[in-house]
Amino acid sequence: MSSSSSNSTVLVTATGVLVDPRLSCVLRVNENTPIESLLRELSQKLTIQYNDFIKPIPPIELGPFDILIGSVDRDMDRQKPISTLSNPQSENSITIHFKMPKPYAFHTLLSENKENLAQLEESLRLAQTSSKSAQREKKADLLASGSVENKSPGETRRQEMDDLRRELMGEINGLKASRTKQDERIKGQDERIKDQDERIKDQDERIKDLEASNAELLASNSELRASNSELRASNTQLSTSIKEMSTTLQRHSTVLHALHRRVLLDDARVLLSDTYAIPVDELRPGGQVTSGKPKTLQQLVMYVRSKLSQDDAHWLHENALKMIFDSSSGTLRSGGNAAAHHASKDDLRLAINDPGLTALQTATLKNIYAFTNSGILDI
């Protein structure tokens, strides 16, 4: 999960799931919210969802949940902000799956609902029976007080028996109908319990699969972290080696350029010597004596210019001749001379251990190096 700048607030979408996707909730929280606070708020929201969906009698408090799958490890410091959690799926969202507490499994709650329903129906039946008994007592009181029509004792007795029989049959039929409805509700509850048991079995299998998959992902993540550490170490070594090679290449390029420039100047001097029959030794400042004194660089340049043909003079102006002849400090020729007569220890090591040399040549060069280095062979 990416971190935000200090001047802006990043909101994170947190989703909690309690086994069944229908038992889920979504929160929008600040990325600096502690992990413990997020888990507590998700637990409260999921408890409300559970009671609304299952409708247990009475509603229950599920309490804190165990984490099934998510970015929160059991040993993680839960006082840290949620911005420390990693999520490969999205930068600003996180999903946490919780386990269902065992005391509140679906089939247990349905069994409790069934018992509560049976108790309510029994209370209703007793209330109905009490009401009808009261009605019969009221009729008996009316008969005793003479408020009903005077009939013969036999007729009155038969009437009372008929009334009582009708009342009892009504009660029996009512009880039968109530029992039938109760049986239908119990049957429906049994079917739902069976369905819930099947769902629980399916959920248990899914949980096992998810736990196994989660374990594999954790192991794979550990392997990737180890591999990443090795790659970083290797990358650091490679970067150091590249820097060293780049420095060596730059140094070699500088030396080669200086040597190649000197080769060009030497080729020009030899060509002048051959073309105009001037000894090479005289084509150096001080190489030709005039009036008992060596010629200066300027005198040498003017002398050679006087010998040049028209075509050669077109190319070799005064500055070009000075560059060919001048070997004083700071000139291109002196730079080539320095490159030809100096090498660092690293360059000597590479040159002596060149794979293109024979074993005898390499051993002989090492002996010569030791001779020039006071007997120390450190390459």
# chains A, B, ... in the order shown; residues from 1 in each chain; ligands from 1
>>> residues_around(residues="Pro285 (chain A)", least_positions_apart="4", cutoff="10 Å", atoms="only C-alpha atoms", output="compact mmCIF listing (two decimals) with N, CA, C and O atoms, in the first residue's frame")
# COMPACT_ATOMS: atom_id res chain seq x y z
N ASP A 281 65.90 13.70 -37.40
CA ASP A 281 66.48 14.35 -36.22
C ASP A 281 66.51 15.85 -36.36
O ASP A 281 66.51 16.58 -35.36
N VAL A 289 71.45 23.16 -36.49
CA VAL A 289 72.23 24.27 -35.95
C VAL A 289 72.30 25.41 -36.97
O VAL A 289 72.54 25.17 -38.16
N PRO A 294 71.22 25.97 -31.94
CA PRO A 294 70.10 25.15 -32.40
C PRO A 294 68.94 26.03 -32.86
O PRO A 294 68.73 27.12 -32.33
N LYS A 295 68.21 25.55 -33.89
CA LYS A 295 67.07 26.31 -34.37
C LYS A 295 65.94 26.28 -33.35
O LYS A 295 65.66 25.25 -32.73
N THR A 296 65.28 27.39 -33.24
CA THR A 296 64.10 27.43 -32.39
C THR A 296 62.92 26.82 -33.13
O THR A 296 62.99 26.55 -34.34
N LEU A 297 61.81 26.62 -32.39
CA LEU A 297 60.60 26.06 -33.01
C LEU A 297 60.12 26.93 -34.15
O LEU A 297 59.79 26.44 -35.23
N GLN A 298 60.13 28.25 -33.95
CA GLN A 298 59.66 29.16 -34.98
C GLN A 298 60.56 29.12 -36.21
O GLN A 298 60.09 29.11 -37.35
N GLN A 299 61.89 29.05 -35.98
CA GLN A 299 62.82 28.96 -37.11
C GLN A 299 62.61 27.66 -37.88
O GLN A 299 62.64 27.64 -39.12
N LEU A 300 62.37 26.52 -37.15
CA LEU A 300 62.15 25.24 -37.81
C LEU A 300 60.88 25.28 -38.66
O LEU A 300 60.85 24.78 -39.79
N VAL A 301 59.81 25.89 -38.12
CA VAL A 301 58.55 25.99 -38.85
C VAL A 301 58.73 26.79 -40.13
O VAL A 301 58.27 26.40 -41.22
N LYS A 322 53.68 23.59 -36.19
CA LYS A 322 54.03 23.69 -34.77
C LYS A 322 53.50 22.46 -34.01
O LYS A 322 54.18 21.91 -33.14
N PHE A 325 55.83 19.42 -34.72
CA PHE A 325 57.20 19.45 -34.19
C PHE A 325 57.28 19.69 -32.69
O PHE A 325 58.21 19.21 -32.04
N ASP A 326 56.33 20.44 -32.11
CA ASP A 326 56.47 20.89 -30.72
C ASP A 326 56.19 19.75 -29.75
O ASP A 326 55.12 19.13 -29.78
N SER A 327 57.13 19.45 -28.86
CA SER A 327 56.96 18.41 -27.83
C SER A 327 57.11 18.97 -26.43
O SER A 327 57.35 18.22 -25.48
N SER A 328 56.94 20.30 -26.31
CA SER A 328 57.05 20.90 -24.98
C SER A 328 55.84 20.53 -24.13
O SER A 328 54.83 20.03 -24.63
>>> closest_residue(among="A:Arg78, A:Lys99, A:His260, A:Arg40", to="Asp204 (chain A)", atoms="only C-alpha atoms")
A:Lys99
>>> atom_distance(atom1="CA of Arg261 (chain A)", atom2="CA of Trp315 (chain A)")
17.2 Å
>>> atom_distance(atom1="CA of Ala338 (chain A)", atom2="CA of Thr372 (chain A)")
18.0 Å
>>> closest_residue(among="A:Thr15, A:Thr275, A:Asn214, A:Ser229", to="Val304 (chain A)", atoms="only C-alpha atoms")
A:Thr275
>>> atom_distance(atom1="CA of Leu23 (chain A)", atom2="CA of Pro59 (chain A)")
15.5 Å
>>> select_by_dssp(residues="region 264-313 of chain A", states="helix (DSSP H, G or I)", output="JSON, numbers by chain")
{"A": [264, 265, 266, 267, 268, 269, 270, 271, 272, 273, 274, 275, 276, 280, 281, 282, 297, 298, 299, 300, 301, 302, 303, 304, 305, 306, 307, 310, 311, 312, 313]}
>>> residues_around(residues="Leu377 (chain A)", least_positions_apart="5", cutoff="10 Å", atoms="only C-alpha atoms", output="ChimeraX atom specification")
/A:366-372
>>> write_last_selection(atoms="N, CA and C atoms", output="CSV table (one decimal), in the first residue's frame")
chain,number,residue,atom,x,y,z
A,366,LYS,N,56.1,-10.7,-16.0
A,366,LYS,CA,56.0,-10.6,-14.5
A,366,LYS,C,57.4,-10.4,-13.9
A,367,ASN,N,58.4,-11.1,-14.4
A,367,ASN,CA,59.8,-11.0,-13.9
A,367,ASN,C,60.3,-9.6,-14.2
A,368,ILE,N,60.0,-9.0,-15.4
A,368,ILE,CA,60.5,-7.7,-15.7
A,368,ILE,C,59.8,-6.7,-14.8
A,369,TYR,N,58.5,-6.9,-14.5
A,369,TYR,CA,57.7,-6.0,-13.6
A,369,TYR,C,58.4,-6.0,-12.2
A,370,ALA,N,58.7,-7.3,-11.7
A,370,ALA,CA,59.3,-7.4,-10.4
A,370,ALA,C,60.6,-6.6,-10.3
A,371,PHE,N,61.4,-6.7,-11.5
A,371,PHE,CA,62.7,-6.0,-11.5
A,371,PHE,C,62.5,-4.5,-11.4
A,372,THR,N,61.5,-3.9,-12.1
A,372,THR,CA,61.2,-2.5,-12.0
A,372,THR,C,60.5,-2.1,-10.8
>>> residues_around(residues="Val255 (chain A)", least_positions_apart="5", cutoff="12 Å", atoms="only C-alpha atoms", output="list in words")
Thr248, Leu249, Gln250, His260, Arg261, Arg262, Leu332, Gly335, Gly336, Asn337, Ala338, Ala339, Ala340, His341, His342, Ala343, Ser344 and Asp347 of chain A
